[in-house]
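Chemist: Provided below: work.txt, containing compact mmCIF, C-alpha atoms.
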# COMPACT_ATOMS: atom_id res chain seq x y z
CA MET A 1 27.12 -6.05 18.80
CA ASP A 2 28.54 -2.78 20.15
CA MET A 3 27.22 0.54 18.92
CA ARG A 4 30.21 1.42 16.72
CA SER A 5 30.13 -1.70 14.61
CA PHE A 6 26.34 -1.35 14.55
CA TRP A 7 26.59 2.07 12.91
CA ARG A 8 29.38 0.98 10.61
CA THR A 9 27.07 -1.73 9.29
CA LEU A 10 25.00 1.00 7.63
CA ASP A 11 26.35 2.95 4.69
CA ARG A 12 26.41 6.74 4.68
CA GLN A 13 23.59 7.01 2.16
CA THR A 14 21.24 4.97 4.36
CA ILE A 15 22.11 6.99 7.47
CA ARG A 16 21.53 10.22 5.56
CA ASP A 17 18.19 8.99 4.20
CA ILE A 18 17.06 7.96 7.69
CA ALA A 19 18.07 11.39 9.03
CA LEU A 20 16.10 13.15 6.26
CA VAL A 21 13.00 11.09 6.99
CA CYS A 22 13.44 11.96 10.69
CA VAL A 23 13.50 15.70 9.89
CA ALA A 24 10.38 15.40 7.72
CA ASP A 25 8.54 13.36 10.34
CA ALA A 26 9.55 15.85 13.04
CA LEU A 27 7.72 18.54 11.06
CA VAL A 28 4.70 16.28 10.64
CA GLY A 29 4.78 15.25 14.33
CA ALA A 30 4.90 18.89 15.40
CA SER A 31 1.93 19.68 13.15
CA PHE A 32 0.06 16.70 14.62
CA GLY A 33 0.55 17.98 18.18
CA ALA A 34 -0.30 21.54 17.23
CA ILE A 35 -3.41 20.64 15.19
CA ALA A 36 -4.78 18.37 17.95
CA VAL A 37 -4.30 20.95 20.72
CA SER A 38 -5.39 24.03 18.77
CA GLY A 39 -8.43 21.97 17.67
CA GLY A 40 -9.48 21.79 21.33
CA LEU A 41 -8.06 18.49 22.62
CA ASP A 42 -6.03 18.31 25.85
CA ALA A 43 -2.26 18.16 25.30
CA TRP A 44 -1.99 14.65 26.81
CA VAL A 45 -4.19 13.20 24.03
CA PRO A 46 -1.75 13.61 21.10
CA VAL A 47 1.21 12.82 23.41
CA ALA A 48 -0.31 9.57 24.74
CA MET A 49 -1.42 8.56 21.25
CA SER A 50 2.06 9.06 19.84
CA LEU A 51 3.71 6.99 22.56
CA LEU A 52 1.15 4.16 22.61
CA VAL A 53 -0.14 3.97 19.03
CA PHE A 54 2.97 5.32 17.26
CA ALA A 55 1.48 5.31 13.76
CA GLY A 56 1.23 8.72 12.11
CA SER A 57 -1.51 8.04 9.58
CA ALA A 58 -3.78 6.33 12.12
CA GLN A 59 -3.16 9.14 14.62
CA PHE A 60 -4.07 11.84 12.10
CA ALA A 61 -7.08 9.88 10.88
CA ALA A 62 -8.42 9.24 14.40
CA ILE A 63 -7.88 12.85 15.53
CA GLY A 64 -9.38 14.04 12.24
CA VAL A 65 -12.54 12.04 12.83
CA VAL A 66 -12.86 13.38 16.39
CA LEU A 67 -12.19 17.01 15.43
CA ALA A 68 -14.72 16.72 12.57
CA GLY A 69 -17.33 15.75 15.15
CA GLY A 70 -17.38 12.02 14.36
CA GLY A 71 -17.78 9.40 17.05
CA VAL A 72 -14.97 7.89 19.11
CA ILE A 73 -15.82 4.40 17.81
CA ALA A 74 -15.49 5.57 14.19
CA ALA A 75 -12.13 7.10 15.12
CA VAL A 76 -10.83 3.86 16.67
CA VAL A 77 -12.13 1.69 13.80
CA THR A 78 -10.56 3.98 11.20
CA GLY A 79 -7.23 3.83 13.02
CA LEU A 80 -7.38 0.04 13.35
CA VAL A 81 -8.25 -0.56 9.70
CA LEU A 82 -5.35 1.66 8.67
CA ASN A 83 -3.00 -0.16 11.01
CA ALA A 84 -4.05 -3.58 9.71
CA ARG A 85 -1.34 -3.00 7.09
CA LEU A 86 1.17 -3.48 9.92
CA LEU A 87 0.21 -7.17 9.99
CA PRO A 88 1.94 -8.08 6.70
CA PHE A 89 4.73 -5.65 7.62
CA GLY A 90 5.33 -7.72 10.76
CA PHE A 91 5.71 -10.87 8.68
CA ALA A 92 7.96 -9.04 6.22
CA VAL A 93 10.47 -8.02 8.91
CA SER A 94 10.01 -10.92 11.34
CA ASP A 95 13.58 -12.10 10.61
CA VAL A 96 15.10 -8.96 12.18
CA LEU A 97 12.89 -9.38 15.25
CA ALA A 98 13.83 -12.97 16.09
CA GLY A 99 15.04 -13.47 19.65
CA ARG A 100 15.80 -10.76 22.17
CA GLY A 101 14.06 -7.40 22.00
CA ARG A 102 11.16 -8.79 20.01
CA LEU A 103 8.41 -7.34 22.21
CA LEU A 104 10.00 -3.90 22.12
CA GLY A 105 10.99 -4.05 18.47
CA ALA A 106 7.46 -4.94 17.37
CA HIS A 107 6.27 -1.53 18.58
CA LEU A 108 8.71 0.09 16.14
CA ILE A 109 7.19 -1.59 13.05
CA MET A 110 5.95 1.23 10.76
CA ASP A 111 6.08 2.29 7.11
CA GLU A 112 9.48 3.98 7.23
CA ALA A 113 11.37 1.32 9.23
CA VAL A 114 9.94 -1.46 7.05
CA ALA A 115 10.83 0.46 3.87
CA PHE A 116 14.44 0.92 5.02
CA THR A 117 14.72 -2.71 6.12
CA MET A 118 13.46 -3.98 2.75
CA ARG A 119 16.15 -1.98 0.97
CA GLN A 120 18.92 -3.89 2.78
CA THR A 121 20.17 -7.38 2.01
CA GLY A 122 21.74 -9.70 4.54
CA PRO A 123 20.58 -10.21 8.14
CA ARG A 124 23.12 -7.84 9.77
CA HIS A 125 22.26 -4.92 7.50
CA ARG A 126 18.53 -5.53 7.77
CA ARG A 127 18.74 -5.61 11.58
CA ALA A 128 20.82 -2.46 11.73
CA ALA A 129 18.53 -0.55 9.35
CA PHE A 130 15.39 -1.59 11.21
CA TRP A 131 16.62 -0.69 14.69
CA ALA A 132 18.37 2.53 13.63
CA CYS A 133 15.32 3.83 11.79
CA GLY A 134 12.83 2.54 14.37
CA ILE A 135 14.55 3.99 17.44
CA ALA A 136 15.46 7.29 15.76
CA LEU A 137 11.90 7.84 14.51
CA PHE A 138 10.32 6.84 17.84
CA VAL A 139 12.39 9.46 19.68
CA VAL A 140 12.00 12.15 17.03
CA TRP A 141 8.26 11.58 16.57
CA ASN A 142 7.39 11.71 20.27
CA VAL A 143 9.60 14.72 21.08
CA SER A 144 8.20 16.66 18.11
CA VAL A 145 4.60 15.85 19.06
CA VAL A 146 5.23 17.20 22.60
CA LEU A 147 6.80 20.37 21.17
CA GLY A 148 3.93 20.73 18.69
CA ALA A 149 1.37 20.28 21.47
CA PHE A 150 3.03 23.09 23.45
CA ALA A 151 3.10 25.26 20.33
CA GLY A 152 -0.57 24.47 19.78
CA GLU A 153 -1.38 26.19 23.08
CA ILE A 154 0.15 29.39 21.69
CA ILE A 155 -0.67 29.16 17.98
CA SER A 156 -4.39 29.68 17.76
CA ASP A 157 -4.45 29.38 13.98
CA THR A 158 -2.41 26.44 12.66
CA GLY A 159 -4.11 27.02 9.29
CA ALA A 160 -2.22 30.31 8.75
CA LEU A 161 1.04 28.31 8.86
CA GLY A 162 -0.32 25.75 6.37
CA LEU A 163 0.28 22.96 8.89
CA ASP A 164 -2.85 21.13 7.73
CA ALA A 165 -1.08 20.47 4.39
CA ALA A 166 1.96 18.81 6.02
CA PHE A 167 0.29 15.49 6.81
CA PRO A 168 -1.27 14.72 3.39
CA ALA A 169 2.02 15.90 1.83
CA VAL A 170 4.26 13.44 3.66
CA LEU A 171 1.72 10.65 3.24
CA LEU A 172 1.65 11.26 -0.52
CA ALA A 173 5.45 11.19 -0.70
CA LEU A 174 5.50 7.89 1.20
CA VAL A 175 2.81 6.13 -0.81
CA LEU A 176 3.83 7.39 -4.26
CA PRO A 177 6.19 4.47 -5.09
CA ALA A 178 3.33 1.99 -4.52
CA LEU A 179 1.31 3.76 -7.24
CA ARG A 180 3.73 2.65 -9.94
CA ASP A 181 1.82 -0.64 -9.91
CA ARG A 182 -1.14 -0.19 -12.26
CA GLY A 183 -3.60 -2.37 -10.33
CA THR A 184 -2.81 -0.55 -7.07
CA ARG A 185 -3.20 2.81 -8.78
CA HIS A 186 -6.63 1.99 -10.21
CA ALA A 187 -7.87 0.59 -6.89
CA ALA A 188 -6.60 3.66 -5.02
CA LEU A 189 -8.20 6.14 -7.44
CA LEU A 190 -11.58 4.38 -7.33
CA GLY A 191 -11.37 4.14 -3.53
CA ALA A 192 -10.56 7.83 -3.16
CA ALA A 193 -13.42 8.76 -5.51
CA VAL A 194 -15.88 6.65 -3.50
CA ALA A 195 -14.71 8.29 -0.26
CA LEU A 196 -14.99 11.81 -1.71
CA ALA A 197 -18.50 11.13 -3.02
CA ALA A 198 -19.58 9.77 0.37
CA THR A 199 -18.03 12.57 2.48
CA PRO A 200 -21.01 14.98 2.40
CA PHE A 201 -23.46 12.30 3.54
CA LEU A 202 -21.73 9.98 6.01
CA PRO A 203 -20.20 10.44 9.48
CA ALA A 204 -16.49 11.33 9.56
CA GLY A 205 -14.22 8.29 9.26
CA VAL A 206 -16.71 6.08 7.42
CA PRO A 207 -15.91 7.37 3.88
CA VAL A 208 -12.23 6.39 4.24
CA LEU A 209 -13.29 2.83 5.11
CA LEU A 210 -15.64 2.71 2.09
CA ALA A 211 -12.57 3.33 -0.07
CA LEU A 212 -11.71 -0.36 0.35
CA ALA A 213 -14.42 -0.95 -2.29
CA GLY A 214 -11.76 0.20 -4.74
CA LEU A 215 -10.05 -3.17 -4.22
CA VAL A 216 -12.56 -4.74 -6.67
CA LEU A 217 -10.39 -3.25 -9.41
CA TYR A 218 -7.38 -5.13 -8.03
CA VAL A 219 -8.98 -8.59 -8.14
CA PRO A 220 -8.68 -8.98 -11.96
CA GLU A 221 -5.05 -7.89 -11.66
CA MET A 222 -4.46 -10.54 -8.98
CA ARG A 223 -6.08 -13.21 -11.17
CA ARG A 224 -3.89 -12.18 -14.11
CA GLN A 225 -0.78 -12.51 -11.97
CA GLU A 226 -1.89 -15.95 -10.78
CA VAL A 227 -2.41 -17.15 -14.36
CA ALA A 228 0.98 -15.75 -15.29
CA HIS A 229 2.72 -17.72 -12.56
CA MET B 1 -10.97 11.59 23.02
CA PRO B 2 -11.09 9.33 26.08
CA LEU B 3 -8.02 7.41 27.28
CA LEU B 4 -9.89 4.12 26.80
CA ALA B 5 -10.23 4.80 23.05
CA ILE B 6 -6.50 5.48 22.78
CA VAL B 7 -5.69 2.28 24.71
CA VAL B 8 -8.00 0.17 22.49
CA LEU B 9 -6.43 1.64 19.35
CA ALA B 10 -2.94 1.10 20.80
CA ALA B 11 -3.62 -2.51 21.87
CA GLY B 12 -5.11 -3.44 18.49
CA THR B 13 -2.22 -1.79 16.68
CA TYR B 14 0.35 -3.62 18.81
CA ALA B 15 -1.40 -6.93 18.13
CA PHE B 16 -1.13 -6.31 14.37
CA ARG B 17 2.56 -5.54 14.82
CA LEU B 18 3.42 -8.47 17.07
CA ALA B 19 1.55 -11.16 15.10
CA GLY B 20 4.21 -11.48 12.39
CA PRO B 21 7.29 -11.83 14.63
CA VAL B 22 5.48 -14.21 17.03
CA LEU B 23 3.65 -16.38 14.50
CA GLN B 24 6.23 -16.44 11.71
CA ASP B 25 7.03 -20.14 12.13
CA ARG B 26 3.56 -21.34 13.08
CA VAL B 27 1.11 -19.88 10.59
CA GLU B 28 1.19 -18.85 7.00
CA ILE B 29 -1.16 -16.03 5.97
CA PRO B 30 -2.91 -17.06 2.76
CA GLU B 31 -1.01 -15.92 -0.31
CA ARG B 32 -3.95 -13.85 -1.62
CA LEU B 33 -4.41 -12.00 1.64
CA ARG B 34 -0.67 -11.41 1.90
CA ARG B 35 -0.77 -9.72 -1.51
CA LEU B 36 -4.01 -7.87 -0.92
CA LEU B 37 -3.04 -6.21 2.41
CA PRO B 38 -0.33 -3.89 1.04
CA VAL B 39 -2.71 -2.87 -1.76
CA ALA B 40 -5.44 -2.20 0.81
CA ALA B 41 -2.95 -0.07 2.77
CA ALA B 42 -2.07 1.91 -0.37
CA VAL B 43 -5.78 2.44 -1.14
CA LEU B 44 -6.42 3.72 2.40
CA LEU B 45 -3.33 5.94 2.40
CA ILE B 46 -4.16 7.55 -0.98
CA THR B 47 -7.74 8.04 0.18
CA LEU B 48 -6.45 9.72 3.33
CA VAL B 49 -4.27 11.99 1.18
CA VAL B 50 -7.20 12.94 -1.06
CA THR B 51 -9.79 13.41 1.70
CA ALA B 52 -7.35 15.21 4.02
CA ALA B 53 -6.37 17.51 1.15
CA LEU B 54 -9.82 18.28 -0.24
CA THR B 55 -12.36 17.98 2.58
CA GLU B 56 -13.06 19.62 5.90
CA GLY B 57 -15.95 18.16 7.86
CA HIS B 58 -18.61 17.37 5.24
CA GLY B 59 -17.53 19.99 2.72
CA PHE B 60 -14.75 21.37 0.54
CA ALA B 61 -11.59 22.47 2.36
CA GLY B 62 -10.88 25.36 -0.02
CA TRP B 63 -8.10 25.69 -2.60
CA ALA B 64 -5.09 26.54 -0.44
CA ARG B 65 -4.59 23.10 1.14
CA PRO B 66 -4.96 20.95 -2.02
CA ALA B 67 -2.62 23.39 -3.81
CA GLY B 68 0.00 22.75 -1.10
CA VAL B 69 -0.46 18.97 -1.37
CA LEU B 70 -0.23 19.21 -5.18
CA ALA B 71 3.09 21.06 -4.83
CA ALA B 72 4.26 18.24 -2.55
CA GLY B 73 3.19 15.64 -5.11
CA VAL B 74 5.18 17.34 -7.90
CA LEU B 75 8.28 17.51 -5.67
CA ALA B 76 7.83 13.88 -4.60
CA VAL B 77 7.68 12.72 -8.24
CA ARG B 78 10.92 14.63 -8.83
CA ARG B 79 12.39 12.83 -5.80
CA ALA B 80 12.96 15.91 -3.65
CA PRO B 81 14.09 15.17 -0.05
CA PHE B 82 11.24 14.58 2.42
CA PRO B 83 11.77 17.74 4.51
CA VAL B 84 11.67 19.88 1.35
CA ILE B 85 8.37 18.25 0.35
CA VAL B 86 6.73 18.94 3.73
CA ILE B 87 7.99 22.53 3.99
CA ALA B 88 6.93 23.29 0.39
CA ALA B 89 3.42 22.00 1.07
CA ALA B 90 2.94 24.05 4.25
CA ALA B 91 4.57 27.15 2.70
CA THR B 92 2.41 27.00 -0.46
CA THR B 93 -0.75 26.69 1.62
CA ALA B 94 0.33 29.44 4.03
CA VAL B 95 1.25 31.89 1.24
CA LEU B 96 -2.04 31.30 -0.61
CA ARG B 97 -3.96 32.00 2.60
CA LEU B 98 -1.87 35.11 3.23
CA CYS B 99 -2.97 36.28 -0.23
CA GLY B 100 -6.58 35.77 0.80
CA ILE B 101 -7.13 32.53 -1.11
CA GLU B 102 -8.74 30.07 1.28
Output the structure of this file as C-alpha cells.
Modeler:
Amino acid sequence: MDMRSFWRTLDRQTIRDIALVCVADALVGASFGAIAVSGGLDAWVPVAMSLLVFAGSAQFAAIGVVLAGGGVIAAVVTGLVLNARLLPFGFAVSDVLAGRGRLLGAHLIMDEAVAFTMRQTGPRHRRAAFWACGIALFVVWNVSVVLGAFAGEIISDTGALGLDAAFPAVLLALVLPALRDRGTRHAALLGAAVALAATPFLPAGVPVLLALAGLVLYVPEMRRQEVAH
Amino acid sequence: MPLLAIVVLAAGTYAFRLAGPVLQDRVEIPERLRRLLPVAAAVLLITLVVTAALTEGHGFAGWARPAGVLAAGVLAVRRAPFPVIVIAAAATTAVLRLCGIE
C-alpha cells in the first residue's frame, strides 16, 4: 500500500481527531519532560523512558513514585501493573498486527491507537487508523518529551505554569467514556477512595495498587451479565 | 532512576504488548479475565487521576491543582477538544497560584 492510498483510507474526521490528540499529548509529553528534569532527574531519564516504555500513564506514575521519595521497585511495579491493560489491548488489535511489522507495531499499542482502531470497521481502515495514530503519537510524544526536558533545565518552577495539572487532566479526558458503565464507575470510585485513604500511611506507589480492591464492586456486575447471557 | 529499572519496565511493557499479536491463534485468555482487565485499567487510571490531582507526597496537594483537573473534567464531559482540556487545566491551576491560592 503506498502512502497516498493509505491516507485516503482514513476520513477527514479521523485524521483531524488524531491530530488533536497529538497536540494534547505533545503538551502532556512536554510537561512530563519538564516535571522530571525540574524535579531533579537527569534529562536522559524521561527521554529513555519515553522511547523504551512509551506509555504516558506508567511513565508519570513511575516518575511520580521516584520524585515522591518512593523506591525504584515500587515505581517499576506500579508502571507494570498499569501497563498490564496493554495485554487485552494487544488481543483487541491483533488483527491489524498480523504479518510484517508486527514486532515494531506492538510497541505502538497504547490507549489512543487502540481507541482509534476500535472506532473503524473493516481491516483496511483498522490498519490505517492504528498505524497512523501509533506512528504520529510516537514521534510527537518523544519529540515533546525532549523539548520538555530541555525546558525543565530552564524552568525551575513547573508548578507556576500549572503543568502538574496537565497529566491528570488528559488522563481524565481519556478514561471518562469508560465511566459510563455503572459497574466500572463504582469500582473506580471505591478504588480511588481506598488509595486516597492509604496515601498518608504507605510508601508512594503502593496506594494506587491497593485501588484494585475496588474491583470487588465489579464482580456482582459481572455475575449479573453472565446470568443475562 | 537507574537505567536497569527503565529497561525492566520497558521489557515487561513490551511483553504485555506483544502477547496478543503473537498468541492470538494459540491461546484464549479466559472470558472473565478478558472482561476484568479493561475495568482494572479504568480503576487504576481514575485512581491515578484522583491521587495525582489531590496528593503530593503523603499529604494534600493544595486547591489549585484539583481545581484545574475539575475544570478539565467539566470540559471533557462537554466534549471539548483534547488540547483545550489540557490548556484549561494548566491555565486554571497557574492562575489560581498567581492569585496566591496554592
Chemist: Quick one: residues within 12 Å of region 73-76 of chain B, only C-alpha atoms, excluding same-chain residues fewer than 6 positions away - as a list in words?
Modeler: Ala165, Ala166, Pro168, Ala169, Val170, Leu171, Leu172, Ala173, Leu174, Val175, Leu176 and Pro177 of chain A; Ile46, Val49, Val50, Ala53, Pro66, Ala67, Phe82, Pro83, Val84, Ile85, Val86, Ile87, Ala88 and Ala89 of chain B
Chemist: Do you know which residues are at most 10 Å from Pro2 (chain B) counting only C-alpha atoms, after dropping those on the same chain fewer than 2 positions away, and could you put them as a PyMOL selection string?
Modeler: (chain A and resi 45+72) or (chain B and resi 4-7)
Chemist: Go ahead and save the residues from that selection, with C-alpha atoms, as a PDB file, keeping the file's coordinate frame.
Modeler:
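That gives us result.pdb:
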ATOM      1  CA  VAL A  45      -4.190  13.200  24.030  1.00  0.00           C
ATOM      2  CA  VAL A  72     -14.970   7.890  19.110  1.00  0.00           C
TER       3      VAL A  72
ATOM      4  CA  LEU B   4      -9.890   4.120  26.800  1.00  0.00           C
ATOM      5  CA  ALA B   5     -10.230   4.800  23.050  1.00  0.00           C
ATOM      6  CA  ILE B   6      -6.500   5.480  22.780  1.00  0.00           C
ATOM      7  CA  VAL B   7      -5.690   2.280  24.710  1.00  0.00           C
TER       8      VAL B   7
END
Chemist: Region 132-173 of chain A near region 105-122 of chain A within 12 Å: what's each residue's closest atom pair and its distance in Å to one decimal, counting all atoms listed in the file, ordered by chain then ascending residue number, as a tab-separated table?
Modeler:
residue	atom	partner	partner_atom	distance
A:Ala132	CA	A:Ala113	CA	8.4
A:Cys133	CA	A:Ala113	CA	5.3
A:Gly134	CA	A:Leu108	CA	5.1
A:Ile135	CA	A:Leu108	CA	7.1
A:Ala136	CA	A:Ala113	CA	9.7
A:Leu137	CA	A:Ala113	CA	8.4
A:Phe138	CA	A:Leu108	CA	7.1
A:Val139	CA	A:Leu108	CA	10.7
A:Trp141	CA	A:Leu108	CA	11.5
A:Val170	CA	A:Glu112	CA	11.4
A:Leu171	CA	A:Asp111	CA	10.2
A:Ala173	CA	A:Glu112	CA	11.5
Chemist: Can you work out which one of A:Val76, A:Ala129, A:Val216, A:Ala228 has the shortest atom-to-atom distance to chain B, counting only C-alpha atoms?
Modeler: A:Val76
Chemist: Do you have the CA of Arg100 (chain A)-CA of Ile18 (chain A) distance handy?
Modeler: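 Value for the CA of Arg100 (chain A)-CA of Ile18 (chain A) distance: 23.7 Å.
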Chemist: One number please: CA of Tyr218 (chain A) to CA of Asp25 (chain B), in Å, one decimal.
Modeler: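 According to the coordinates, CA of Tyr218 (chain A) and CA of Asp25 (chain B) are separated by 29.0 Å.
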Chemist: Using all atoms listed in the file, which protein or nucleic acid residues come within 10 Å of region 101-103 of chain A? Drop anything in the same chain fewer than 6 positions from it, and give the result as a list in words.
Modeler: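 Once the nearby chain positions are removed, what remains is Ser94 of chain A; Tyr14, Arg17, Leu18, Pro21 and Val22 of chain B.
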Chemist: In terms of the shortest atom-to-atom distance over only C-alpha atoms, which of A:Gln225, A:Thr199, A:Ser31, A:Ser57 is closest to Arg35 (chain B)?
Modeler: A:Gln225
Chemist: Point out the residue among A:Ala151, A:Val93, A:Ala68, A:Ala61 with the least atom-to-atom distance to Gly59 (chain B), counting only C-alpha atoms.
Modeler: A:Ala68
Chemist: Rank nothing, just name the residue among A:Ile73, A:Asp42, A:Ile35, A:Phe91 nearest to Arg26 (chain B), using only C-alpha atoms.
Modeler: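 Closest to Arg26 (chain B), using only C-alpha atoms: A:Phe91.
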Chemist: Using CA of Leu45 (chain B) and CA of Ala128 (chain A) as the two end points, give the distance in Å to one decimal.
Modeler: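 Distance reported for this atom pair: 27.2 Å.
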Chemist: Report the centre and edge lengths, in Å to one decimal, of an axis-aligned box enclosing every atom of region 181-190 of chain A listed in the file, padded by 4 Å on each side, as lines of an AutoDock Vina configuration file.
Modeler:
center_x = -4.9
center_y = 1.9
center_z = -8.6
size_x = 21.4
size_y = 16.5
size_z = 15.2
Chemist: I want to know what sits within 8 Å of Leu44 (chain B), based on all atoms listed in the file, with residues of the same chain fewer than 4 positions away left out; could you give that as a compact mmCIF listing (two decimals) with C-alpha atoms, keeping the file's coordinate frame?
Modeler:
# COMPACT_ATOMS: atom_id res chain seq x y z
CA LEU A 82 -5.35 1.66 8.67
CA ALA A 188 -6.60 3.66 -5.02
CA GLY A 191 -11.37 4.14 -3.53
CA VAL A 208 -12.23 6.39 4.24
CA LEU A 209 -13.29 2.83 5.11
CA ALA A 211 -12.57 3.33 -0.07
CA LEU A 212 -11.71 -0.36 0.35
CA ALA B 40 -5.44 -2.20 0.81
CA LEU B 48 -6.45 9.72 3.33
Chemist: Do you know which residues are at most 9 Å from Leu190 (chain A) counting all atoms listed in the file, after dropping those on the same chain fewer than 5 positions away, and could you put them as a ChimeraX atom specification?
Modeler: /A:185,195,211,213-215,217 /B:43
Chemist: Could you check the closest approach to Val77 (chain B) for each of A:Ile15, A:Leu87, A:Glu221, A:Leu179 and tell me which residue wins, using only C-alpha atoms?
Modeler: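 That would be A:Leu179, the residue with the smallest distance to Val77 (chain B).
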Chemist: Between A:Asp181, A:Glu226, A:Asp164, A:Glu153, which has the minimum distance to Ala61 (chain B) (counting only C-alpha atoms)?
Modeler: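 Of all the options, A:Asp164 lies closest to Ala61 (chain B).
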Chemist: Using only C-alpha atoms - which residues lie no farther than 6 Å from the point (-2.0, 24.5, 4.0) in the file's frame? Write them as a PyMOL selection string.
Modeler: (chain A and resi 162-165) or (chain B and resi 64-65+68+90+93-94)
Chemist: With C-alpha atoms kept, could you save the residues just selected as a short mmCIF file (atom, residue, chain, number, x, y, z; two decimals), in the coordinates of the input?
Modeler:
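Final file, part_37.cif:
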data_model
loop_
_atom_site.label_atom_id
_atom_site.label_comp_id
_atom_site.auth_asym_id
_atom_site.auth_seq_id
_atom_site.Cartn_x
_atom_site.Cartn_y
_atom_site.Cartn_z
CA GLY A 162 -0.32 25.75 6.37
CA LEU A 163 0.28 22.96 8.89
CA ASP A 164 -2.85 21.13 7.73
CA ALA A 165 -1.08 20.47 4.39
CA ALA B 64 -5.09 26.54 -0.44
CA ARG B 65 -4.59 23.10 1.14
CA GLY B 68 0.00 22.75 -1.10
CA ALA B 90 2.94 24.05 4.25
CA THR B 93 -0.75 26.69 1.62
CA ALA B 94 0.33 29.44 4.03
#
